[in-house]
Structure formats: C-alpha cells, structure tokens
>>> print(open('target-v4.txt').read())   # compact mmCIF, C-alpha atoms
# COMPACT_ATOMS: atom_id res chain seq x y z
CA MET A 1 -122.27 75.19 -216.16
CA THR A 2 -123.94 76.86 -213.22
CA TYR A 3 -126.82 74.40 -212.93
CA THR A 4 -127.04 72.47 -209.67
CA PHE A 5 -128.62 69.05 -209.85
CA ASN A 6 -131.37 68.37 -207.40
CA PHE A 7 -132.68 64.91 -206.70
CA ASP A 8 -134.51 65.73 -203.44
CA TRP A 9 -137.88 65.15 -205.14
CA ILE A 10 -137.25 61.39 -205.16
CA ALA A 11 -138.09 61.23 -201.44
CA GLN A 12 -141.55 62.61 -202.14
CA TYR A 13 -142.33 61.14 -205.54
CA TRP A 14 -140.95 57.61 -205.43
CA PRO A 15 -144.43 56.03 -205.15
CA VAL A 16 -145.34 57.66 -208.49
CA ILE A 17 -142.25 56.11 -210.04
CA VAL A 18 -142.96 52.66 -208.59
CA LYS A 19 -146.51 52.79 -209.93
CA GLY A 20 -145.14 53.78 -213.34
CA ILE A 21 -142.67 50.88 -213.31
CA LEU A 22 -145.45 48.43 -212.45
CA ILE A 23 -147.63 49.66 -215.32
CA THR A 24 -144.71 49.47 -217.76
CA LEU A 25 -144.06 45.91 -216.58
CA GLU A 26 -147.73 44.98 -216.83
CA LEU A 27 -147.92 46.32 -220.40
CA THR A 28 -144.76 44.43 -221.32
CA PHE A 29 -146.02 41.20 -219.74
CA VAL A 30 -149.41 41.26 -221.46
CA GLY A 31 -147.87 42.44 -224.72
CA GLY A 32 -145.23 39.72 -224.49
CA VAL A 33 -147.48 36.76 -223.66
CA VAL A 34 -150.45 37.61 -225.90
CA GLY A 35 -148.23 39.09 -228.61
CA ILE A 36 -146.10 35.95 -228.91
CA LEU A 37 -149.21 33.74 -229.00
CA LEU A 38 -150.64 35.96 -231.72
CA GLY A 39 -147.31 35.73 -233.52
CA ILE A 40 -147.36 31.91 -233.42
CA LEU A 41 -150.93 31.88 -234.75
CA CYS A 42 -150.08 34.32 -237.55
CA ALA A 43 -146.92 32.43 -238.49
CA PHE A 44 -148.96 29.24 -238.68
CA VAL A 45 -151.59 30.89 -240.92
CA LYS A 46 -148.91 32.48 -243.11
CA LEU A 47 -147.21 29.13 -243.70
CA TYR A 48 -150.13 26.71 -243.89
CA GLY A 49 -153.29 28.82 -244.20
CA ALA A 50 -155.61 29.32 -247.17
CA ALA A 51 -154.57 31.99 -249.69
CA PRO A 52 -157.02 34.73 -248.57
CA LEU A 53 -156.04 34.21 -244.92
CA ARG A 54 -152.36 34.37 -245.87
CA PHE A 55 -153.01 37.65 -247.63
CA VAL A 56 -154.79 39.15 -244.61
CA VAL A 57 -151.99 38.15 -242.23
CA GLY A 58 -149.36 39.36 -244.70
CA ALA A 59 -151.08 42.75 -244.97
CA TYR A 60 -151.35 43.00 -241.18
CA VAL A 61 -147.66 42.22 -240.68
CA GLU A 62 -146.47 44.66 -243.36
CA LEU A 63 -148.80 47.45 -242.19
CA ILE A 64 -147.63 47.19 -238.59
CA ARG A 65 -143.95 46.81 -239.38
CA ASN A 66 -143.93 49.83 -241.68
CA THR A 67 -145.75 52.37 -239.51
CA PRO A 68 -144.64 53.97 -236.23
CA PHE A 69 -145.95 52.50 -232.97
CA LEU A 70 -147.02 55.99 -231.88
CA VAL A 71 -149.32 56.33 -234.91
CA GLN A 72 -150.76 52.84 -234.30
CA LEU A 73 -151.46 53.87 -230.73
CA PHE A 74 -153.14 57.14 -231.78
CA PHE A 75 -155.20 55.29 -234.38
CA ILE A 76 -156.44 52.78 -231.81
CA PHE A 77 -157.07 55.31 -229.05
CA PHE A 78 -158.36 58.34 -231.01
CA GLY A 79 -159.42 56.79 -234.32
CA LEU A 80 -161.38 53.70 -233.35
CA PRO A 81 -164.02 55.52 -231.26
CA ALA A 82 -165.28 56.86 -234.61
CA LEU A 83 -166.31 53.26 -235.33
CA GLY A 84 -167.96 52.98 -231.93
CA VAL A 85 -165.04 51.20 -230.24
CA ARG A 86 -164.26 53.13 -227.08
CA LEU A 87 -161.20 52.07 -225.14
CA GLY A 88 -159.64 53.21 -221.89
CA GLU A 89 -156.02 54.35 -222.15
CA LEU A 90 -154.63 51.17 -220.59
CA GLU A 91 -156.76 48.91 -222.80
CA ALA A 92 -155.69 50.85 -225.88
CA ALA A 93 -152.03 50.66 -224.80
CA ASN A 94 -152.30 46.92 -224.17
CA ILE A 95 -153.97 46.27 -227.52
CA ALA A 96 -151.44 48.41 -229.37
CA MET A 97 -148.54 46.50 -227.78
CA VAL A 98 -150.06 43.10 -228.55
CA VAL A 99 -150.83 44.07 -232.15
CA ASN A 100 -147.34 45.51 -232.59
CA LEU A 101 -145.37 42.64 -231.10
CA GLY A 102 -147.66 40.10 -232.82
CA ALA A 103 -146.56 41.33 -236.25
CA TYR A 104 -142.84 41.22 -235.46
CA ALA A 105 -143.14 37.90 -233.63
CA CYS A 106 -144.98 36.44 -236.65
CA GLU A 107 -142.06 37.19 -238.96
CA ILE A 108 -139.45 35.96 -236.46
CA ILE A 109 -141.33 32.71 -235.74
CA ARG A 110 -142.11 32.12 -239.42
CA ALA A 111 -138.41 32.39 -240.26
CA GLY A 112 -137.63 29.91 -237.47
CA ILE A 113 -140.19 27.39 -238.71
CA GLN A 114 -139.01 27.74 -242.29
CA ALA A 115 -135.46 27.02 -241.20
CA THR A 116 -136.51 23.56 -240.00
CA PRO A 117 -135.27 21.00 -242.53
CA LYS A 118 -138.12 19.15 -244.28
CA GLY A 119 -136.47 15.83 -243.49
CA GLN A 120 -137.09 16.38 -239.77
CA PHE A 121 -140.83 16.62 -240.34
CA GLU A 122 -140.72 13.44 -242.43
CA ALA A 123 -138.65 11.71 -239.77
CA GLY A 124 -141.28 12.65 -237.17
CA VAL A 125 -144.11 11.28 -239.31
CA SER A 126 -142.13 8.08 -239.95
CA LEU A 127 -141.95 7.60 -236.16
CA ALA A 128 -145.75 7.29 -236.25
CA MET A 129 -146.29 10.69 -234.66
CA THR A 130 -149.45 12.45 -235.79
CA ARG A 131 -149.07 15.61 -237.84
CA LEU A 132 -149.95 17.73 -234.80
CA GLU A 133 -147.48 15.91 -232.56
CA THR A 134 -144.82 16.24 -235.23
CA PHE A 135 -145.56 19.93 -235.63
CA ARG A 136 -145.40 20.51 -231.90
CA HIS A 137 -142.32 18.49 -230.96
CA VAL A 138 -140.28 18.53 -234.17
CA VAL A 139 -141.11 21.88 -235.75
CA LEU A 140 -142.53 24.42 -233.30
CA VAL A 141 -140.55 23.89 -230.11
CA PRO A 142 -137.11 23.61 -231.78
CA SER A 143 -137.93 26.65 -233.96
CA LEU A 144 -138.95 28.67 -230.93
CA GLN A 145 -135.74 27.64 -229.22
CA ARG A 146 -133.75 28.75 -232.27
CA ILE A 147 -135.40 32.16 -232.53
CA TRP A 148 -135.71 32.78 -228.75
CA PRO A 149 -132.84 35.34 -228.71
CA ALA A 150 -134.43 37.31 -231.58
CA LEU A 151 -137.82 37.19 -229.87
CA SER A 152 -136.24 38.37 -226.60
CA SER A 153 -134.61 41.39 -228.24
CA GLN A 154 -137.89 42.26 -229.92
CA LEU A 155 -139.64 42.15 -226.54
CA VAL A 156 -137.01 44.52 -225.11
CA ILE A 157 -137.58 46.85 -228.08
CA VAL A 158 -141.35 46.76 -227.45
CA MET A 159 -140.83 47.43 -223.73
CA LEU A 160 -138.68 50.49 -224.52
CA GLY A 161 -141.16 51.54 -227.21
CA SER A 162 -143.96 51.47 -224.63
CA ALA A 163 -142.62 54.80 -223.34
CA VAL A 164 -144.90 56.53 -225.84
CA VAL A 165 -148.11 55.21 -224.23
CA SER A 166 -147.72 58.16 -221.86
CA GLN A 167 -148.97 60.23 -224.80
CA ILE A 168 -152.48 58.79 -224.40
CA ALA A 169 -152.22 59.31 -220.62
CA ALA A 170 -151.56 55.67 -219.74
CA GLU A 171 -149.70 56.09 -216.46
CA ASP A 172 -146.46 54.24 -217.24
CA LEU A 173 -142.92 55.15 -216.20
CA THR A 174 -142.64 57.95 -218.76
CA TYR A 175 -145.94 59.37 -217.58
CA ALA A 176 -144.51 59.39 -214.05
CA ALA A 177 -141.46 61.30 -215.29
CA ASN A 178 -143.69 63.81 -217.09
CA PHE A 179 -145.82 64.20 -213.98
CA ILE A 180 -142.82 64.76 -211.72
CA GLN A 181 -141.19 67.29 -214.02
CA SER A 182 -144.45 69.24 -214.25
CA ARG A 183 -144.61 69.43 -210.44
CA THR A 184 -140.96 70.00 -209.58
CA PHE A 185 -139.62 71.66 -212.77
CA ARG A 186 -136.70 69.23 -212.51
CA ALA A 187 -137.12 68.00 -216.08
CA PHE A 188 -133.60 66.78 -216.69
CA GLU A 189 -133.31 64.94 -213.38
CA ALA A 190 -136.73 63.31 -213.75
CA TYR A 191 -135.98 62.04 -217.25
CA PHE A 192 -132.44 61.05 -216.26
CA VAL A 193 -133.69 58.88 -213.39
CA SER A 194 -136.41 57.25 -215.50
CA THR A 195 -133.92 56.62 -218.32
CA LEU A 196 -131.69 54.78 -215.85
CA ILE A 197 -134.68 52.75 -214.66
CA TYR A 198 -135.51 51.83 -218.25
CA LEU A 199 -131.91 50.71 -218.74
CA VAL A 200 -132.12 48.47 -215.67
CA LEU A 201 -135.49 47.10 -216.82
CA ALA A 202 -134.04 46.32 -220.25
CA ILE A 203 -131.06 44.47 -218.76
CA VAL A 204 -133.26 42.55 -216.30
CA LEU A 205 -135.80 41.67 -219.01
CA ARG A 206 -133.04 40.37 -221.31
CA GLN A 207 -131.64 38.19 -218.50
CA ALA A 208 -135.12 36.98 -217.50
CA MET A 209 -135.89 35.95 -221.08
CA ALA A 210 -132.58 34.10 -221.34
CA GLY A 211 -133.36 32.30 -218.05
CA LEU A 212 -136.87 31.50 -219.22
CA GLY A 213 -135.44 30.07 -222.42
CA VAL A 214 -133.21 27.68 -220.49
CA LEU A 215 -136.18 26.71 -218.32
CA ILE A 216 -138.79 25.94 -220.96
CA PHE A 217 -136.68 24.43 -223.71
CA PRO A 218 -135.37 20.92 -223.03
CA ARG A 219 -131.65 20.61 -223.63
CA ARG A 220 -131.05 18.38 -226.55
CA SER A 221 -128.62 15.62 -225.70
CA SER A 222 -126.85 15.47 -229.01
CA ARG A 223 -126.44 18.18 -231.58
CA MET B 1 -167.49 76.05 -238.79
CA THR B 2 -165.31 75.30 -241.78
CA ASP B 3 -165.64 72.00 -243.53
CA PHE B 4 -162.49 70.13 -244.41
CA THR B 5 -162.34 68.02 -247.52
CA LEU B 6 -160.20 64.91 -247.68
CA TRP B 7 -157.83 66.85 -249.93
CA ASP B 8 -157.46 69.62 -247.31
CA ILE B 9 -156.41 67.03 -244.78
CA ALA B 10 -154.11 65.14 -247.17
CA ARG B 11 -152.47 68.35 -248.41
CA ASN B 12 -151.62 69.53 -244.92
CA LEU B 13 -150.23 66.13 -244.00
CA LEU B 14 -148.18 65.99 -247.21
CA LEU B 15 -146.67 69.39 -246.40
CA ALA B 16 -145.57 68.02 -243.02
CA LEU B 17 -144.30 64.83 -244.66
CA ARG B 18 -141.43 66.90 -246.09
CA TRP B 19 -140.08 67.39 -242.57
CA THR B 20 -140.35 63.70 -241.79
CA VAL B 21 -138.36 62.93 -244.95
CA LEU B 22 -135.76 65.63 -244.26
CA LEU B 23 -135.30 64.63 -240.62
CA SER B 24 -135.03 60.96 -241.64
CA LEU B 25 -132.33 61.77 -244.21
CA VAL B 26 -130.35 63.93 -241.80
CA SER B 27 -130.60 61.30 -239.02
CA PHE B 28 -129.68 58.44 -241.32
CA VAL B 29 -126.68 60.16 -242.93
CA GLY B 30 -125.50 61.71 -239.67
CA GLY B 31 -126.11 58.46 -237.83
CA GLY B 32 -124.11 56.67 -240.51
CA LEU B 33 -121.12 58.98 -240.08
CA VAL B 34 -121.12 58.77 -236.28
CA GLY B 35 -121.89 55.06 -236.57
CA LEU B 36 -118.71 54.61 -238.61
CA LEU B 37 -116.75 56.14 -235.72
CA ILE B 38 -118.52 53.80 -233.29
CA LEU B 39 -117.69 50.86 -235.55
CA PHE B 40 -113.99 51.75 -235.69
CA ALA B 41 -113.90 52.25 -231.92
CA ARG B 42 -115.74 48.97 -231.41
CA ILE B 43 -113.14 46.96 -233.36
CA ALA B 44 -110.09 49.06 -232.43
CA ARG B 45 -106.98 47.56 -230.81
CA PRO B 46 -107.04 49.55 -227.52
CA ARG B 47 -109.38 47.89 -225.04
CA ALA B 48 -110.57 51.19 -223.59
CA LEU B 49 -111.94 52.27 -226.98
CA ARG B 50 -113.73 48.97 -227.47
CA VAL B 51 -115.33 49.11 -224.02
CA ALA B 52 -116.37 52.74 -224.49
CA ALA B 53 -118.05 51.93 -227.82
CA LYS B 54 -119.81 48.92 -226.32
CA LEU B 55 -121.09 51.04 -223.43
CA TYR B 56 -122.32 53.68 -225.87
CA ILE B 57 -124.22 51.04 -227.85
CA GLU B 58 -125.68 49.40 -224.72
CA LEU B 59 -126.80 52.77 -223.41
CA PHE B 60 -128.61 53.82 -226.59
CA GLN B 61 -130.08 50.39 -227.31
CA GLY B 62 -131.17 49.87 -223.70
CA THR B 63 -133.12 53.10 -223.20
CA PRO B 64 -136.22 54.43 -224.97
CA LEU B 65 -135.65 56.78 -227.89
CA LEU B 66 -138.30 59.02 -226.33
CA MET B 67 -136.15 59.43 -223.20
CA GLN B 68 -133.12 60.23 -225.34
CA LEU B 69 -135.17 62.92 -227.07
CA PHE B 70 -136.30 64.37 -223.73
CA LEU B 71 -132.76 64.38 -222.36
CA ALA B 72 -131.43 66.08 -225.50
CA PHE B 73 -134.26 68.61 -225.38
CA PHE B 74 -133.88 69.47 -221.69
CA GLY B 75 -130.17 68.69 -221.39
CA PHE B 76 -129.11 71.81 -223.29
CA GLY B 77 -131.09 73.85 -220.80
CA LEU B 78 -128.55 72.86 -218.15
CA PHE B 79 -125.97 74.93 -219.99
CA GLY B 80 -128.40 77.81 -220.26
CA VAL B 81 -128.85 77.13 -223.99
CA SER B 82 -132.37 76.84 -225.29
CA VAL B 83 -132.42 74.66 -228.40
CA PRO B 84 -135.28 74.45 -230.88
CA ALA B 85 -137.10 71.12 -231.11
CA TRP B 86 -135.69 70.29 -234.57
CA LEU B 87 -132.11 70.57 -233.33
CA ALA B 88 -132.67 68.41 -230.25
CA ALA B 89 -134.56 65.92 -232.42
CA GLY B 90 -131.76 65.79 -235.01
CA ILE B 91 -129.02 65.35 -232.42
CA ALA B 92 -130.85 62.64 -230.49
CA LEU B 93 -131.81 60.71 -233.64
CA ILE B 94 -128.26 60.88 -235.02
CA LEU B 95 -126.75 59.55 -231.78
CA TRP B 96 -129.46 56.87 -231.55
CA ALA B 97 -129.08 55.73 -235.17
CA ALA B 98 -125.29 55.68 -234.78
CA ALA B 99 -125.51 53.13 -231.97
CA PHE B 100 -127.65 50.75 -234.05
CA LEU B 101 -125.72 51.21 -237.30
CA GLY B 102 -122.39 50.78 -235.51
CA GLU B 103 -123.58 47.51 -234.02
CA ILE B 104 -125.05 46.25 -237.35
CA TRP B 105 -121.79 47.02 -239.15
CA ARG B 106 -119.67 45.41 -236.47
CA GLY B 107 -121.58 42.20 -237.13
CA CYS B 108 -120.77 42.54 -240.83
CA VAL B 109 -117.07 43.18 -240.23
CA GLU B 110 -116.87 40.22 -237.86
CA ALA B 111 -118.60 38.00 -240.41
CA ILE B 112 -115.53 38.35 -242.65
CA ALA B 113 -113.41 35.24 -242.27
CA ARG B 114 -110.44 35.51 -239.91
CA GLY B 115 -108.13 34.27 -242.69
CA GLN B 116 -108.76 37.50 -244.61
CA TRP B 117 -107.19 39.50 -241.76
CA GLU B 118 -104.28 37.10 -241.51
CA ALA B 119 -103.70 37.00 -245.26
CA SER B 120 -103.68 40.77 -245.55
CA ALA B 121 -101.43 41.08 -242.48
CA SER B 122 -99.00 38.64 -244.05
CA LEU B 123 -98.82 40.96 -247.07
CA GLY B 124 -97.45 43.61 -244.75
CA MET B 125 -100.58 45.80 -244.79
CA SER B 126 -101.18 48.18 -241.91
CA ARG B 127 -104.44 47.84 -240.01
CA PHE B 128 -105.88 50.79 -241.89
CA GLU B 129 -104.86 49.29 -245.24
CA GLN B 130 -106.38 45.96 -244.24
CA MET B 131 -109.66 47.66 -243.46
CA ARG B 132 -109.57 49.85 -246.56
CA HIS B 133 -108.61 47.24 -249.16
CA VAL B 134 -109.64 43.86 -247.78
CA ILE B 135 -112.23 43.91 -245.02
CA LEU B 136 -114.51 46.87 -245.72
CA PRO B 137 -115.15 46.10 -249.42
CA GLN B 138 -116.38 42.64 -248.43
CA ALA B 139 -118.21 43.78 -245.29
CA LEU B 140 -119.92 46.55 -247.25
CA LYS B 141 -121.61 44.00 -249.48
CA ILE B 142 -123.27 42.13 -246.63
CA ALA B 143 -123.97 45.39 -244.76
CA VAL B 144 -126.27 46.89 -247.39
CA PRO B 145 -129.51 44.91 -246.75
CA PRO B 146 -129.62 45.38 -242.94
CA THR B 147 -128.60 49.03 -243.33
CA VAL B 148 -131.49 49.69 -245.73
CA GLY B 149 -133.70 47.74 -243.31
CA PHE B 150 -132.64 50.02 -240.46
CA SER B 151 -133.60 53.12 -242.46
CA VAL B 152 -137.21 52.00 -241.87
CA GLN B 153 -136.58 52.23 -238.11
CA VAL B 154 -135.19 55.74 -238.60
CA VAL B 155 -138.27 56.93 -240.49
CA LYS B 156 -140.50 55.46 -237.80
CA GLY B 157 -138.27 56.91 -235.08
CA THR B 158 -138.83 60.44 -236.37
CA ALA B 159 -142.51 60.08 -235.32
CA LEU B 160 -141.39 60.41 -231.68
CA THR B 161 -140.00 63.89 -232.30
CA SER B 162 -143.62 65.07 -232.45
CA ILE B 163 -143.69 64.61 -228.68
CA ILE B 164 -141.01 67.25 -228.08
CA GLY B 165 -142.90 69.54 -230.42
CA PHE B 166 -141.25 69.13 -233.82
CA VAL B 167 -143.96 69.49 -236.45
CA GLU B 168 -143.56 66.50 -238.74
CA LEU B 169 -146.14 64.04 -240.06
CA THR B 170 -147.39 62.72 -236.69
CA LYS B 171 -147.58 66.17 -235.07
CA ALA B 172 -149.37 67.49 -238.15
CA GLY B 173 -151.79 64.58 -237.72
CA THR B 174 -152.55 65.71 -234.17
CA ILE B 175 -152.94 69.34 -235.22
CA VAL B 176 -155.23 68.48 -238.15
CA THR B 177 -157.26 66.15 -235.92
CA ASN B 178 -157.79 68.95 -233.43
CA ALA B 179 -159.09 71.15 -236.24
CA THR B 180 -161.25 68.62 -238.08
CA PHE B 181 -162.39 66.19 -235.36
CA GLN B 182 -161.82 63.31 -237.78
CA PRO B 183 -159.19 61.22 -235.97
CA PHE B 184 -160.04 58.01 -237.86
CA THR B 185 -159.44 59.55 -241.29
CA VAL B 186 -156.47 61.65 -240.25
CA TYR B 187 -154.49 58.99 -238.36
CA GLY B 188 -155.42 56.47 -241.06
CA LEU B 189 -153.89 58.77 -243.65
CA VAL B 190 -150.84 59.44 -241.46
CA ALA B 191 -150.30 55.69 -241.17
CA LEU B 192 -150.68 55.27 -244.95
CA PHE B 193 -148.10 58.01 -245.62
CA TYR B 194 -145.60 56.34 -243.27
CA PHE B 195 -146.36 53.05 -244.99
CA ALA B 196 -145.73 54.63 -248.39
CA LEU B 197 -142.31 55.78 -247.14
CA CYS B 198 -141.29 52.62 -245.32
CA TRP B 199 -142.66 49.76 -247.39
CA PRO B 200 -140.48 50.38 -250.47
CA LEU B 201 -137.45 50.49 -248.17
CA SER B 202 -138.49 47.19 -246.52
CA LEU B 203 -139.03 45.56 -249.91
CA THR B 204 -135.66 46.82 -251.17
CA SER B 205 -133.94 45.43 -248.09
CA GLN B 206 -135.61 42.03 -248.57
CA ALA B 207 -134.80 41.95 -252.29
CA LEU B 208 -131.13 42.81 -251.62
CA GLU B 209 -130.97 40.09 -249.00
CA ARG B 210 -132.32 37.51 -251.42
CA LYS B 211 -129.87 38.63 -254.10
CA LEU B 212 -127.01 38.31 -251.66
CA ASN B 213 -128.06 34.80 -250.65
CA VAL B 214 -128.23 33.76 -254.30
CA SER B 215 -124.70 34.98 -254.97
CA HIS B 216 -123.52 33.13 -251.87
CA SER B 217 -125.11 29.86 -252.89
CA HIS B 218 -122.89 29.71 -255.98
CA TYR B 219 -119.79 29.05 -253.92
>>> encode(input="target-v4.txt", output="structure tokens")
Amino acid sequence: MTYTFNFDWIAQYWPVIVKGILITLELTFVGGVVGILLGILCAFVKLYGAAPLRFVVGAYVELIRNTPFLVQLFFIFFGLPALGVRLGELEAANIAMVVNLGAYACEIIRAGIQATPKGQFEAGVSLAMTRLETFRHVVLVPSLQRIWPALSSQLVIVMLGSAVVSQIAAEDLTYAANFIQSRTFRAFEAYFVSTLIYLVLAIVLRQAMAGLGVLIFPRRSSR
Amino acid sequence: MTDFTLWDIARNLLLALRWTVLLSLVSFVGGGLVGLLILFARIARPRALRVAAKLYIELFQGTPLLMQLFLAFFGFGLFGVSVPAWLAAGIALILWAAAFLGEIWRGCVEAIARGQWEASASLGMSRFEQMRHVILPQALKIAVPPTVGFSVQVVKGTALTSIIGFVELTKAGTIVTNATFQPFTVYGLVALFYFALCWPLSLTSQALERKLNVSHSHY
C-alpha cells in the first residue's frame, strides 16, 4: 500500500464537523423526545382505542417498520410538495425521524404495557386510585422502566440511521464528511473520522439514556 | 416531452427490484456465514477471540451502515483497486449483517440452560460435539424468528447502497423521478414495493414467534 494518510484538513475543517455533530444531535433529540411521545400515544390508541383508530395506527406502524428510512425521507421531502406541503430539509429530516421512531416506539411500549399483569391494574383500582392514576403509576411508568433498554437501543439505531438525511442536504455529520471529501479529496480519512465520531456518539447516547433511566424511574423498594 | 404511464414507472421499478432482492439474498446468506464465525468466536474459550468478536460487533452496531458503505467504497481505493459499487455494497452489507446475526445467535446459544452444557460434558463430548449435537439444535429453534425478523433489516439496508451508486429499487426511484417529475407517485410505489417484500417476512417472524411460545407453554 503506497497511500499516505493525511489528516491535516482537520485543522481547517473542524468547525464544519462540529456543526454537523450539533445538527445530528439536534435531530436525535427532537426525534427522541417527540418520537417517544408519539409512540406512547400510538401504543395507547392501539391498546384501548376504537377499532378504526386501531386500524389506522396499526397500518402506520407496519408501513413504517417495513420500508427503508431513506425512502420515507425521500417521500416526505420530494413527494409531499406534490400535495402542496413544502418542507425545508431540516424540517423534513426532523419529521421523518419522529415518524420513524414513533412507529418503533409504539410497538416497544405496547409490548411493555401488555406485559403488565392484569392483577396490578385491579390492585391499583382497589386502592381507590382513579383509572388515569392507575394507568399512570401502575401501568405506564413501570412498563416504560421495563422497556427503557429496548427504547434506548432503538434511539441509538435512529441516531445512526440519521446519517442518510445528508441525502436531502440536511447538514448533519455525514453531510460534513461529504463536504470535506469534496474539498480535500481525502474521502477515506473524512469518512473514517466521522465514523469514529458516530461511534463515540452512539456510546455516549447509550450511557446517557441509561443514566436518564436511573434518574426518572423511582427505584422500587421491593421486587 | 414523453408521457409516462403508471405502468412505465412500475415496470422500471420492478426491473430494479430484482437487484434489491439479489443483493438482499447475497447479504443475508453471506452475513449468515460470517455471522456464524462471529458467533463461534464470541463464545470461544480463548479470551482474545471473545474480545475480538465483541469489538467487531460493537464497531458495526455502533456506526452508521452508510459510513460502512462509504469506507468499503473508498477503502479499496487506498490499495489502488477501484471496486464497482455492487461489490463494495455486497461486502459492507455482509460484514454489517454478520455483526447483527452473530449477536442475535449468541443470545440464542446463551439462552440454552447451563445444565445442557454440563450434561453433555459429563457424557465425555468435546466442545465441538456439544455444540453440534446438544446446543445448536436447541438454539436453532429459538433463533429462527429473530433471524427472519432481521432479514427485514437487510432488505431495508440495501436501500442505502443507492447512495454509493448501486442501481437498486431506491436508486431507480430517484432516476425515474428525475425523468418523470412525479416524486409522489414514484416514491410511493417504491415504498409499496419495499413493503411487499418486507411485510410477509415480518408476519412470518411474528407467526413463528407465537408458535414457539405456544410450544413452550406446554412444559
């Protein structure tokens, strides 16, 4: 191998990379927060909603889970303007991430809620809690705690999947790598560095989600 | 300007669908073979092998598939070899799928009760014989539903190869859009074709899982 690696471009282009990291993080944050809320709502509808609503949510979940994120993104960004919905690249990327994570989160959360024994709900009601209180304290929070690891891995998958938003010119980390390689012709180095950054982001995100889980879920005294 | 009927669009997409199917099959089978190696390394006796396999899995699960495709595509250039997009795509997808399948299967092997290892060891079986006659037949049964489920991820993963220039369903969608200026119809159809490929696989995986749970509940 006669190729000599050259990383000198980092000195000049690091602001581009930092900007890319920030946009990737912003997309992941919005996708994570809104996506999980959407997932909770959809899980609720799928379990307790009226039949037509259940069907709509079921169709949404299956459609999203069985098509590539890239195609969903293209459909939202290039396809929707035909219906008069014009979106900027960041808006489209944000919406695509929310819609995508929402479908996966719905299935994960639904499974968690279904795993709650019926007796616990009855026990809550027998303690004179209202149905809503029972749902919140006895069903939802313990289910979320149970499926938190699965939800965290899904968020990491969505964060890594967000690399494709560069294809609609949203200026994320991958876009930065593309930009740098087009200026410096150091394709391998640019992608190598951004791959390493993604790896660090994935590890940090996983740890942050684990920490957040400890923080928001009360430790149960006896189990 | 030529007018494109819906059939013109669908026909061109269907022609490209062949390459999505072929690439999915190659990646899944190849990924399965390499994944088997990863699995054996992951549960091997020597610590170094186990650590190496774990690192491999972490690396491929912790980085975007798109980056892996880029690195495969441009990485060969370092050796002065120019590879076509389909080859880079195939190699990257195989290595990527191997990491996930290896990790899925490790979970299945570890789900087999410890006593099964001990019982087979007490019969004087070598480690290979234990795997071959006792562990793998049982692990295989629980491995089928998640493996079929992962095949959906492989089909969806092939969409990313469009970005390094391999003409499969998604790339064909872009090309047809550029010719017809009907992105709504074209990407809608592309999504439907992916759905037609993936949904039966998802349903099969779910059905197998239910069947497995039923057989478990008898004991």
>>> interface_residues(input="target-v4.txt", of="chain A", to="chain B", cutoff="6 Å", atoms="only C-alpha atoms", output="PyMOL selection string")
chain A and resi 1+3+66-68+75+78-79+160+188+198-199+202
>>> closest_residue(input="target-v4.txt", among="A:Phe217, A:Leu132, A:Thr195, A:Leu83", to="Ile147 in chain A", atoms="only C-alpha atoms")
A:Phe217
>>> residues_around(input="target-v4.txt", residues="Pro142 in chain A", least_positions_apart="4", cutoff="9 Å", atoms="only C-alpha atoms", output="PyMOL selection string")
chain A and resi 112-113+116+136-138+146-147+217
>>> write_last_selection(input="target-v4.txt", atoms="C-alpha atoms", output="PDB file, in the frame of the given file")
ATOM      1  CA  GLY A 112    -137.630  29.910-237.470  1.00  0.00           C
ATOM      2  CA  ILE A 113    -140.190  27.390-238.710  1.00  0.00           C
ATOM      3  CA  THR A 116    -136.510  23.560-240.000  1.00  0.00           C
ATOM      4  CA  ARG A 136    -145.400  20.510-231.900  1.00  0.00           C
ATOM      5  CA  HIS A 137    -142.320  18.490-230.960  1.00  0.00           C
ATOM      6  CA  VAL A 138    -140.280  18.530-234.170  1.00  0.00           C
ATOM      7  CA  ARG A 146    -133.750  28.750-232.270  1.00  0.00           C
ATOM      8  CA  ILE A 147    -135.400  32.160-232.530  1.00  0.00           C
ATOM      9  CA  PHE A 217    -136.680  24.430-223.710  1.00  0.00           C
TER      10      PHE A 217
END
>>> residues_around(input="target-v4.txt", residues="Val56 in chain A", least_positions_apart="6", cutoff="10 Å", atoms="only C-alpha atoms", output="CSV table (one decimal) with C-alpha atoms, keeping the file's coordinate frame")
chain,number,residue,atom,x,y,z
A,42,CYS,CA,-150.1,34.3,-237.6
A,45,VAL,CA,-151.6,30.9,-240.9
A,46,LYS,CA,-148.9,32.5,-243.1
>>> closest_residue(input="target-v4.txt", among="B:Ser122, B:Ser24, B:Ser151, B:Thr180", to="Phe100 in chain B", atoms="only C-alpha atoms")
B:Ser151
>>> atom_distance(input="target-v4.txt", atom1="CA of Arg219 in chain A", atom2="CA of Leu155 in chain A")
23.2 Å
>>> atom_distance(input="target-v4.txt", atom1="CA of Ser162 in chain A", atom2="CA of Asn94 in chain A")
9.5 Å
>>> atom_distance(input="target-v4.txt", atom1="CA of Ala97 in chain B", atom2="CA of Trp117 in chain B")
28.0 Å
>>> residues_around(input="target-v4.txt", residues="Ala85 in chain B", least_positions_apart="4", cutoff="7 Å", atoms="all atoms listed in the file", output="PDB file with C-alpha atoms, in the frame of the given file")
ATOM      1  CA  PHE B  73    -134.260  68.610-225.380  1.00  0.00           C
ATOM      2  CA  ALA B  89    -134.560  65.920-232.420  1.00  0.00           C
ATOM      3  CA  ILE B 164    -141.010  67.250-228.080  1.00  0.00           C
ATOM      4  CA  GLY B 165    -142.900  69.540-230.420  1.00  0.00           C
ATOM      5  CA  PHE B 166    -141.250  69.130-233.820  1.00  0.00           C
TER       6      PHE B 166
END
>>> closest_residue(input="target-v4.txt", among="A:Val158, A:Leu127, A:Ala169, A:Leu47", to="Phe77 in chain A", atoms="all atoms listed in the file")
A:Ala169
